[in-house]
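run.csv, holding CSV, C-alpha atoms and all ligand atoms:
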```
chain,number,residue,atom,x,y,z
T,1,MET,CA,-17.4,0.8,7.2
T,2,LYS,CA,-16.2,4.2,6.2
T,3,ILE,CA,-14.4,4.9,2.9
T,4,TYR,CA,-12.8,8.2,1.9
T,5,ILE,CA,-13.0,9.3,-1.7
T,6,PHE,CA,-11.9,12.6,-3.3
T,7,GLU,CA,-13.2,12.0,-6.8
T,8,LYS,CA,-15.4,9.5,-8.6
T,9,GLY,CA,-17.0,9.1,-12.0
T,10,PHE,CA,-17.2,7.1,-15.2
T,11,ASN,CA,-14.4,6.9,-17.6
T,12,TYR,CA,-13.7,4.9,-20.7
T,13,SER,CA,-10.5,4.5,-19.2
T,14,GLN,CA,-6.8,3.6,-19.3
T,15,ASP,CA,-7.4,2.3,-15.8
T,16,GLY,CA,-8.7,-1.1,-16.7
T,17,PRO,CA,-10.8,-2.5,-19.6
T,18,GLY,CA,-14.0,-1.0,-21.0
T,19,ASN,CA,-16.2,1.7,-19.4
T,20,ARG,CA,-15.4,1.9,-15.7
T,21,LEU,CA,-16.6,3.6,-12.5
T,22,ILE,CA,-13.3,5.1,-11.1
T,23,TYR,CA,-13.0,5.8,-7.4
T,24,HIS,CA,-10.1,8.0,-6.4
T,25,LEU,CA,-9.4,7.1,-2.7
T,26,SER,CA,-8.0,9.7,-0.4
T,27,GLY,CA,-4.6,9.5,1.2
T,28,CYS,CA,-1.2,8.5,-0.1
T,29,ASN,CA,2.0,7.1,1.6
T,30,MET,CA,4.2,8.7,-1.0
T,31,PHE,CA,4.9,12.3,-2.0
T,32,CYS,CA,5.9,12.2,-5.7
T,33,PRO,CA,6.6,15.9,-6.7
T,34,TRP,CA,5.0,15.3,-10.1
T,35,CYS,CA,1.7,13.8,-8.7
T,36,SER,CA,-1.2,14.8,-10.9
T,37,ASN,CA,-3.7,14.4,-8.0
T,38,PRO,CA,-2.0,16.3,-5.2
T,39,GLU,CA,-5.4,16.9,-3.6
T,40,GLY,CA,-5.6,13.2,-3.0
T,41,MET,CA,-2.4,13.0,-1.0
T,42,THR,CA,-4.0,14.0,2.3
T,43,LYS,CA,-6.5,12.1,4.3
T,44,SER,CA,-9.3,14.5,3.4
T,45,GLY,CA,-12.0,13.6,0.9
T,46,ILE,CA,-15.6,12.8,1.2
T,47,GLU,CA,-16.6,10.2,3.8
T,48,TYR,CA,-19.0,7.4,2.5
T,49,GLU,CA,-20.3,4.2,4.0
T,50,THR,CA,-19.2,1.1,2.0
T,51,ASP,CA,-22.9,0.1,1.8
T,52,GLU,CA,-23.5,3.3,-0.2
T,53,ILE,CA,-20.7,2.5,-2.6
T,54,ILE,CA,-21.9,-1.1,-3.0
T,55,ARG,CA,-25.4,0.2,-3.9
T,56,GLU,CA,-23.9,2.7,-6.3
T,57,ILE,CA,-21.9,0.0,-8.1
T,58,ARG,CA,-25.0,-2.3,-8.3
T,59,SER,CA,-27.0,0.4,-9.9
T,60,SER,CA,-24.2,1.2,-12.4
T,61,VAL,CA,-23.9,-2.3,-13.9
T,62,PRO,CA,-25.6,-1.2,-17.2
T,63,MET,CA,-22.8,1.3,-17.7
T,64,PHE,CA,-20.0,-1.4,-17.5
T,65,PHE,CA,-20.0,-2.0,-21.2
T,66,ASP,CA,-17.0,-3.4,-23.2
T,67,GLY,CA,-15.8,-5.5,-20.3
T,68,GLY,CA,-15.9,-2.6,-17.9
T,69,GLY,CA,-16.4,-2.5,-14.1
T,70,VAL,CA,-14.9,-0.7,-11.2
T,71,THR,CA,-11.4,0.7,-10.6
T,72,PHE,CA,-10.0,1.8,-7.3
T,73,THR,CA,-7.1,4.3,-7.6
T,74,GLY,CA,-5.9,7.2,-5.6
T,75,GLY,CA,-4.1,8.5,-3.8
T,76,GLU,CA,-3.1,5.0,-2.8
T,77,CYS,CA,-6.2,2.9,-2.7
T,78,THR,CA,-4.7,0.0,-0.7
T,79,LEU,CA,-4.3,2.2,2.4
T,80,GLN,CA,-8.1,1.6,2.7
T,81,SER,CA,-7.8,-2.1,2.0
T,82,LYS,CA,-10.5,-3.2,4.5
T,83,ALA,CA,-13.1,-1.0,2.9
T,84,ILE,CA,-12.1,-2.1,-0.7
T,85,CYS,CA,-12.1,-5.8,0.2
T,86,GLU,CA,-15.6,-5.5,1.8
T,87,ILE,CA,-16.9,-3.9,-1.4
T,88,ILE,CA,-15.2,-6.5,-3.7
T,89,ASP,CA,-16.5,-9.4,-1.6
T,90,ALA,CA,-20.0,-8.1,-1.7
T,91,LEU,CA,-20.0,-7.9,-5.5
T,92,PRO,CA,-18.5,-11.1,-6.9
T,93,GLU,CA,-20.1,-10.5,-10.3
T,94,ILE,CA,-18.2,-7.2,-10.9
T,95,ASP,CA,-14.9,-6.8,-12.7
T,96,PHE,CA,-12.6,-5.0,-10.3
T,97,CYS,CA,-9.2,-3.3,-11.0
T,98,ILE,CA,-6.8,-1.5,-8.7
T,99,GLU,CA,-4.1,1.0,-9.6
T,100,SER,CA,-1.5,1.1,-6.8
T,101,ASN,CA,2.0,2.1,-6.0
T,102,ALA,CA,2.5,-1.4,-4.4
T,103,ASP,CA,4.2,0.1,-1.4
T,104,THR,CA,1.8,-1.1,1.3
T,105,PHE,CA,1.6,-4.4,3.3
T,106,ASP,CA,-2.1,-4.8,2.3
T,107,PHE,CA,-1.4,-4.5,-1.5
T,108,LEU,CA,-1.4,-8.3,-2.0
T,109,SER,CA,-4.6,-9.0,-0.2
T,110,VAL,CA,-6.5,-6.5,-2.4
T,111,ALA,CA,-4.6,-7.3,-5.6
T,112,GLN,CA,-5.4,-11.0,-5.3
T,113,LYS,CA,-9.1,-10.2,-5.4
T,114,CYS,CA,-8.9,-8.1,-8.6
T,115,ASN,CA,-9.1,-9.1,-12.3
T,116,THR,CA,-6.8,-6.3,-13.4
T,117,VAL,CA,-3.8,-5.0,-11.4
T,118,ILE,CA,-1.9,-1.9,-12.4
T,119,VAL,CA,1.3,-1.0,-10.5
T,120,ASP,CA,3.2,2.2,-10.7
T,121,PHE,CA,6.9,1.4,-10.5
T,122,LYS,CA,8.7,4.7,-10.3
T,123,SER,CA,12.4,3.9,-9.8
T,124,PRO,CA,14.6,0.9,-9.3
T,125,ASP,CA,17.0,3.1,-7.3
T,126,MET,CA,16.5,2.5,-3.6
T,127,ASP,CA,17.9,5.8,-2.4
T,128,LYS,CA,16.4,8.0,-5.1
T,129,LEU,CA,13.0,6.4,-4.7
T,130,LEU,CA,13.1,7.0,-1.0
T,131,SER,CA,14.4,10.6,-1.0
T,132,VAL,CA,12.2,11.8,-3.9
T,133,THR,CA,8.9,9.9,-3.3
T,134,GLY,CA,9.2,8.3,0.1
T,135,GLY,CA,8.8,4.9,-1.5
T,136,ASN,CA,10.3,1.7,-0.2
T,137,ILE,CA,11.8,-0.4,-3.0
T,138,ILE,CA,11.9,-3.6,-0.9
T,139,THR,CA,8.2,-3.6,-0.3
T,140,ILE,CA,7.4,-2.6,-3.9
T,141,GLU,CA,9.6,-5.2,-5.5
T,142,ASN,CA,8.5,-7.9,-3.2
T,143,ASN,CA,4.8,-7.1,-3.8
T,144,ILE,CA,5.4,-7.2,-7.6
T,145,ARG,CA,7.2,-10.5,-7.4
T,146,GLN,CA,4.5,-12.1,-5.3
T,147,ILE,CA,1.5,-10.9,-7.3
T,148,GLU,CA,3.2,-11.6,-10.6
T,149,LYS,CA,3.6,-15.3,-9.7
T,150,SER,CA,-0.2,-15.8,-10.0
T,151,LYS,CA,-1.6,-12.9,-11.9
T,152,TYR,CA,-0.8,-11.0,-15.1
T,153,ILE,CA,-0.1,-7.4,-14.1
T,154,HIS,CA,0.5,-4.0,-15.9
T,155,ILE,CA,3.5,-2.0,-14.7
T,156,ARG,CA,3.6,1.7,-15.4
T,157,ILE,CA,6.7,3.8,-15.3
T,158,PRO,CA,6.3,7.5,-15.0
T,159,LEU,CA,9.4,8.5,-17.0
T,160,ILE,CA,10.9,11.7,-15.6
T,161,HIS,CA,14.1,13.5,-16.6
T,162,ASN,CA,16.6,13.8,-13.8
T,163,PHE,CA,14.8,11.1,-11.9
T,164,ASN,CA,14.7,7.8,-13.8
T,165,ASP,CA,15.5,8.3,-17.5
T,166,ASP,CA,19.3,7.8,-17.2
T,167,GLU,CA,21.3,4.7,-18.4
T,168,LEU,CA,21.8,3.3,-14.9
T,169,SER,CA,18.1,3.4,-14.1
T,170,LEU,CA,17.4,1.7,-17.5
T,171,ASP,CA,19.8,-1.1,-16.7
T,172,ARG,CA,18.3,-1.5,-13.2
T,173,PHE,CA,14.8,-1.6,-14.6
T,174,ILE,CA,15.9,-4.3,-17.0
T,175,ASP,CA,17.6,-6.3,-14.2
T,176,PHE,CA,14.5,-6.3,-12.2
T,177,PHE,CA,12.0,-7.0,-15.0
T,178,THR,CA,14.1,-9.9,-16.4
T,179,SER,CA,14.2,-11.4,-12.9
T,180,LEU,CA,10.4,-11.8,-13.0
T,181,ASN,CA,8.3,-14.6,-14.6
T,182,GLY,CA,7.3,-12.5,-17.6
T,183,ASN,CA,3.7,-12.4,-16.4
T,184,PHE,CA,3.4,-8.6,-17.0
T,185,ASP,CA,3.7,-5.8,-19.5
T,186,VAL,CA,5.2,-2.4,-19.1
T,187,GLU,CA,3.9,1.0,-20.1
T,188,LEU,CA,6.0,4.2,-20.2
T,189,LEU,CA,4.2,7.4,-19.1
T,190,PRO,CA,6.5,10.3,-20.2
T,191,TYR,CA,6.4,13.2,-17.8
T,192,HIS,CA,3.6,15.8,-18.2
T,193,GLU,CA,2.5,18.7,-16.1
T,194,TYR,CA,-1.3,18.0,-15.9
T,195,GLY,CA,-1.1,18.3,-12.1
T,196,LYS,CA,0.9,21.5,-11.9
T,197,GLU,CA,-2.0,23.8,-11.8
T,198,LYS,CA,-3.6,21.8,-9.0
T,199,TRP,CA,-0.4,22.1,-6.9
T,200,LEU,CA,-0.4,25.9,-7.4
T,201,ASN,CA,-4.1,26.1,-6.5
T,202,LEU,CA,-3.4,24.2,-3.3
T,203,VAL,CA,-0.7,26.8,-2.6
T,204,LYS,CA,1.9,24.0,-2.7
T,205,GLU,CA,5.3,24.5,-4.4
T,206,TYR,CA,5.7,22.5,-7.6
T,207,THR,CA,9.3,21.5,-7.4
T,208,VAL,CA,9.9,19.5,-10.7
T,209,LYS,CA,11.9,21.8,-12.9
T,210,ASP,CA,13.1,19.9,-15.9
T,211,GLY,CA,11.1,16.7,-16.0
T,212,PHE,CA,10.3,16.4,-19.8
T,213,VAL,CA,11.9,13.4,-21.4
T,214,LYS,CA,13.5,13.5,-24.9
T,215,LYS,CA,11.8,11.4,-27.6
T,216,GLU,CA,15.1,9.6,-28.2
T,217,THR,CA,15.2,8.5,-24.6
T,218,ILE,CA,11.7,7.1,-24.7
T,219,LYS,CA,12.7,5.2,-27.9
T,220,LYS,CA,15.9,3.9,-26.2
T,221,PHE,CA,13.9,2.6,-23.3
T,222,VAL,CA,11.4,0.9,-25.6
T,223,ASN,CA,14.1,-0.6,-27.8
T,224,LYS,CA,16.2,-1.9,-24.8
T,225,PHE,CA,13.1,-3.4,-23.2
T,226,ASN,CA,12.2,-5.1,-26.4
T,227,GLU,CA,15.7,-6.4,-26.8
T,228,ASN,CA,15.4,-8.0,-23.4
T,229,SER,CA,12.0,-9.5,-24.2
T,230,ILE,CA,10.1,-7.1,-21.9
T,231,LYS,CA,6.7,-6.5,-23.4
T,232,VAL,CA,6.0,-2.7,-23.8
T,233,ILE,CA,2.4,-1.6,-24.4
T,234,LYS,CA,0.6,1.7,-25.0
T,235,THR,CA,-2.9,2.3,-23.7
T,301,LIG,S1,2.0,7.4,-5.4
T,301,LIG,FE1,0.7,8.2,-7.0
T,301,LIG,S2,-1.0,9.3,-5.8
T,301,LIG,FE2,0.8,8.9,-4.4
T,301,LIG,S3,2.0,10.8,-4.5
T,301,LIG,FE3,2.8,9.4,-6.0
T,301,LIG,S4,1.8,9.9,-7.9
T,301,LIG,FE4,0.6,10.8,-6.3
```
Conversion result in structure tokens:
Amino acid sequence: MKIYIFEKGFNYSQDGPGNRLIYHLSGCNMFCPWCSNPEGMTKSGIEYETDEIIREIRSSVPMFFDGGGVTFTGGECTLQSKAICEIIDALPEIDFCIESNADTFDFLSVAQKCNTVIVDFKSPDMDKLLSVTGGNIITIENNIRQIEKSKYIHIRIPLIHNFNDDELSLDRFIDFFTSLNGNFDVELLPYHEYGKEKWLNLVKEYTVKDGFVKKETIKKFVNKFNENSIKVIKT
């Protein structure tokens, strides 16, 4: 089976425990204007056979120290769920992780097979999420609810001024998180511009104008989450 990858390599990573082989899969169903991997949004990327990737992972086992393994990220990795599942099923001894926007129907089938699941939850506001990123809040929240019933998950919020750092968003994040089973932690990722150069190199307009979040705002989010027994972590 074919799998499309735009970047791969080892990283002692934030994307799962230990030293990991990270595969960035091509294609995304969202169009976040701050994306740090805009080159991965399209379907391009290098075509591989899943067998090649399976062989590569097997030969990399000595590198998976400190509880490491393999992470599939993107783009949105679950858009290539069949290829990922084939690889995971062929390698039951390997520790797998996915990092996903949880906005696909195949998210659950992949996430159930992984030891570590990282979900990017960008906004609890249905209209804003849809208009700014193309994301569907109903699919995302439903997927988080389902997976969190049986698996501990890491939820990442890219905190962006003029998008999701206001009081109403904070209240809505809290409403959603406190409606879950508590089988998760939350990490805040304050806005950065690591991807800006890439957008410009791709001759794409970088439209985020004033995304940096004040330190006080980050503190307020952390404090309010803590007050509501929502576990906040830093990786
Ligand atoms: S979901 Fe992730 S990969 Fe896709 S556009 Fe947004 S930030 Fe980029």
Practice item. Might you pull out every residue within 12 Å of Asn142 in chain T, with all atoms listed in the file counted and same-chain residues fewer than 5 positions away left off, and present them as a list in words? Key: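 The neighbour list is Ala102, Asp103, Thr104, Phe105, Phe107, Leu108, Phe121, Asn136, Ile137, Ile147, Glu148, Lys149, Phe176, Ser179 and Leu180 of chain T.
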Exercise for review: Identify the residues around (7.7, 12.6, -6.0) within a radius of 10 Å, measuring from all atoms listed in the file in the coordinates stated by the file, and give them as a ChimeraX atom specification.
Suggested key: /T:30-35,122,128-135,163,207-208
With C-alpha atoms retained, write the just-selected residues as a short mmCIF file (atom, residue, chain, number, x, y, z; two decimals), in the frame of the given file.
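And here's out_25.cif as it stands now:
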```cif
data_model
loop_
_atom_site.label_atom_id
_atom_site.label_comp_id
_atom_site.auth_asym_id
_atom_site.auth_seq_id
_atom_site.Cartn_x
_atom_site.Cartn_y
_atom_site.Cartn_z
CA MET T 30 4.20 8.70 -1.00
CA PHE T 31 4.90 12.30 -2.00
CA CYS T 32 5.90 12.20 -5.70
CA PRO T 33 6.60 15.90 -6.70
CA TRP T 34 5.00 15.30 -10.10
CA CYS T 35 1.70 13.80 -8.70
CA LYS T 122 8.70 4.70 -10.30
CA LYS T 128 16.40 8.00 -5.10
CA LEU T 129 13.00 6.40 -4.70
CA LEU T 130 13.10 7.00 -1.00
CA SER T 131 14.40 10.60 -1.00
CA VAL T 132 12.20 11.80 -3.90
CA THR T 133 8.90 9.90 -3.30
CA GLY T 134 9.20 8.30 0.10
CA GLY T 135 8.80 4.90 -1.50
CA PHE T 163 14.80 11.10 -11.90
CA THR T 207 9.30 21.50 -7.40
CA VAL T 208 9.90 19.50 -10.70
#
```
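Each of T:Leu170, T:Cys28, T:Ile153, T:Ile54 was compared to Ile87 in chain T using all atoms listed in the file, and T:Ile54 turns out to be the nearest.
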**Study point:** Contact residues around range 58-64 of chain T with only C-alpha atoms at 12 Å, ignoring same-chain residues under 4 positions, as a ChimeraX atom specification
**Key:** /T:9-13,16-22,51-54,68-71,87-88,90-96
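Atom pair CA of Phe184 in chain T / CA of Gln146 in chain T: separated by 12.3 Å.
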Will you model all heavy atoms for range 176-187 of chain T and pass it back as an mmCIF file, keeping the file's coordinate frame?
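Saved as rebuild26.cif:
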```cif
data_model
loop_
_atom_site.group_PDB
_atom_site.id
_atom_site.type_symbol
_atom_site.label_atom_id
_atom_site.label_comp_id
_atom_site.auth_asym_id
_atom_site.auth_seq_id
_atom_site.Cartn_x
_atom_site.Cartn_y
_atom_site.Cartn_z
ATOM 1 N N PHE T 176 15.608 -5.839 -12.977
ATOM 2 C CA PHE T 176 14.500 -6.300 -12.200
ATOM 3 C C PHE T 176 13.432 -6.996 -13.035
ATOM 4 O O PHE T 176 12.980 -8.086 -12.696
ATOM 5 C CB PHE T 176 13.823 -5.071 -11.459
ATOM 6 C CG PHE T 176 12.577 -5.443 -10.690
ATOM 7 C CD1 PHE T 176 12.640 -6.326 -9.622
ATOM 8 C CD2 PHE T 176 11.330 -4.943 -11.055
ATOM 9 C CE1 PHE T 176 11.490 -6.700 -8.926
ATOM 10 C CE2 PHE T 176 10.180 -5.314 -10.361
ATOM 11 C CZ PHE T 176 10.267 -6.189 -9.297
ATOM 12 N N PHE T 177 13.090 -6.418 -14.169
ATOM 13 C CA PHE T 177 12.000 -7.000 -15.000
ATOM 14 C C PHE T 177 12.441 -8.403 -15.507
ATOM 15 O O PHE T 177 11.608 -9.295 -15.601
ATOM 16 C CB PHE T 177 11.688 -6.098 -16.180
ATOM 17 C CG PHE T 177 10.997 -4.819 -15.773
ATOM 18 C CD1 PHE T 177 11.182 -3.648 -16.495
ATOM 19 C CD2 PHE T 177 10.153 -4.781 -14.679
ATOM 20 C CE1 PHE T 177 10.555 -2.461 -16.116
ATOM 21 C CE2 PHE T 177 9.512 -3.605 -14.289
ATOM 22 C CZ PHE T 177 9.717 -2.444 -15.011
ATOM 23 N N THR T 178 13.709 -8.560 -15.855
ATOM 24 C CA THR T 178 14.100 -9.900 -16.400
ATOM 25 C C THR T 178 14.270 -10.902 -15.259
ATOM 26 O O THR T 178 14.445 -12.083 -15.529
ATOM 27 C CB THR T 178 15.464 -9.761 -17.170
ATOM 28 O OG1 THR T 178 16.430 -9.115 -16.358
ATOM 29 C CG2 THR T 178 15.280 -9.004 -18.462
ATOM 30 N N SER T 179 14.186 -10.456 -14.012
ATOM 31 C CA SER T 179 14.200 -11.400 -12.900
ATOM 32 C C SER T 179 12.816 -11.935 -12.565
ATOM 33 O O SER T 179 12.658 -12.817 -11.729
ATOM 34 C CB SER T 179 14.849 -10.779 -11.664
ATOM 35 O OG SER T 179 13.937 -9.876 -11.061
ATOM 36 N N LEU T 180 11.788 -11.367 -13.224
ATOM 37 C CA LEU T 180 10.400 -11.800 -13.000
ATOM 38 C C LEU T 180 10.034 -12.964 -13.885
ATOM 39 O O LEU T 180 10.830 -13.408 -14.709
ATOM 40 C CB LEU T 180 9.442 -10.621 -13.191
ATOM 41 C CG LEU T 180 9.652 -9.376 -12.308
ATOM 42 C CD1 LEU T 180 8.711 -8.250 -12.737
ATOM 43 C CD2 LEU T 180 9.419 -9.701 -10.831
ATOM 44 N N ASN T 181 8.784 -13.424 -13.765
ATOM 45 C CA ASN T 181 8.300 -14.600 -14.600
ATOM 46 C C ASN T 181 7.855 -14.236 -15.952
ATOM 47 O O ASN T 181 7.474 -15.128 -16.705
ATOM 48 C CB ASN T 181 7.201 -15.296 -13.822
ATOM 49 C CG ASN T 181 7.677 -15.935 -12.543
ATOM 50 O OD1 ASN T 181 8.678 -16.645 -12.540
ATOM 51 N ND2 ASN T 181 6.992 -15.658 -11.448
ATOM 52 N N GLY T 182 7.781 -12.953 -16.269
ATOM 53 C CA GLY T 182 7.300 -12.500 -17.600
ATOM 54 C C GLY T 182 5.768 -12.409 -17.639
ATOM 55 O O GLY T 182 5.170 -12.275 -18.710
ATOM 56 N N ASN T 183 5.153 -12.414 -16.464
ATOM 57 C CA ASN T 183 3.700 -12.400 -16.400
ATOM 58 C C ASN T 183 3.215 -10.908 -16.268
ATOM 59 O O ASN T 183 2.428 -10.570 -15.377
ATOM 60 C CB ASN T 183 3.288 -13.141 -15.115
ATOM 61 C CG ASN T 183 1.978 -13.849 -15.286
ATOM 62 O OD1 ASN T 183 1.439 -13.920 -16.393
ATOM 63 N ND2 ASN T 183 1.438 -14.331 -14.182
ATOM 64 N N PHE T 184 3.732 -10.051 -17.127
ATOM 65 C CA PHE T 184 3.400 -8.600 -17.000
ATOM 66 C C PHE T 184 3.751 -7.909 -18.311
ATOM 67 O O PHE T 184 4.424 -8.454 -19.182
ATOM 68 C CB PHE T 184 4.333 -7.990 -15.902
ATOM 69 C CG PHE T 184 5.794 -8.020 -16.232
ATOM 70 C CD1 PHE T 184 6.414 -6.909 -16.798
ATOM 71 C CD2 PHE T 184 6.557 -9.151 -16.025
ATOM 72 C CE1 PHE T 184 7.758 -6.932 -17.136
ATOM 73 C CE2 PHE T 184 7.899 -9.188 -16.361
ATOM 74 C CZ PHE T 184 8.502 -8.077 -16.916
ATOM 75 N N ASP T 185 3.217 -6.697 -18.440
ATOM 76 C CA ASP T 185 3.700 -5.800 -19.500
ATOM 77 C C ASP T 185 4.040 -4.467 -18.855
ATOM 78 O O ASP T 185 3.722 -4.216 -17.687
ATOM 79 C CB ASP T 185 2.674 -5.674 -20.633
ATOM 80 C CG ASP T 185 1.296 -5.326 -20.154
ATOM 81 O OD1 ASP T 185 1.173 -4.451 -19.280
ATOM 82 O OD2 ASP T 185 0.319 -5.922 -20.665
ATOM 83 N N VAL T 186 4.739 -3.634 -19.624
ATOM 84 C CA VAL T 186 5.200 -2.400 -19.100
ATOM 85 C C VAL T 186 4.730 -1.241 -19.994
ATOM 86 O O VAL T 186 4.701 -1.368 -21.221
ATOM 87 C CB VAL T 186 6.781 -2.346 -19.085
ATOM 88 C CG1 VAL T 186 7.300 -0.970 -18.671
ATOM 89 C CG2 VAL T 186 7.323 -3.408 -18.146
ATOM 90 N N GLU T 187 4.312 -0.161 -19.367
ATOM 91 C CA GLU T 187 3.900 1.000 -20.100
ATOM 92 C C GLU T 187 4.737 2.213 -19.617
ATOM 93 O O GLU T 187 4.888 2.408 -18.406
ATOM 94 C CB GLU T 187 2.420 1.300 -19.900
ATOM 95 C CG GLU T 187 1.947 2.510 -20.670
ATOM 96 C CD GLU T 187 0.430 2.687 -20.625
ATOM 97 O OE1 GLU T 187 -0.217 2.084 -19.756
ATOM 98 O OE2 GLU T 187 -0.077 3.438 -21.474
#
```
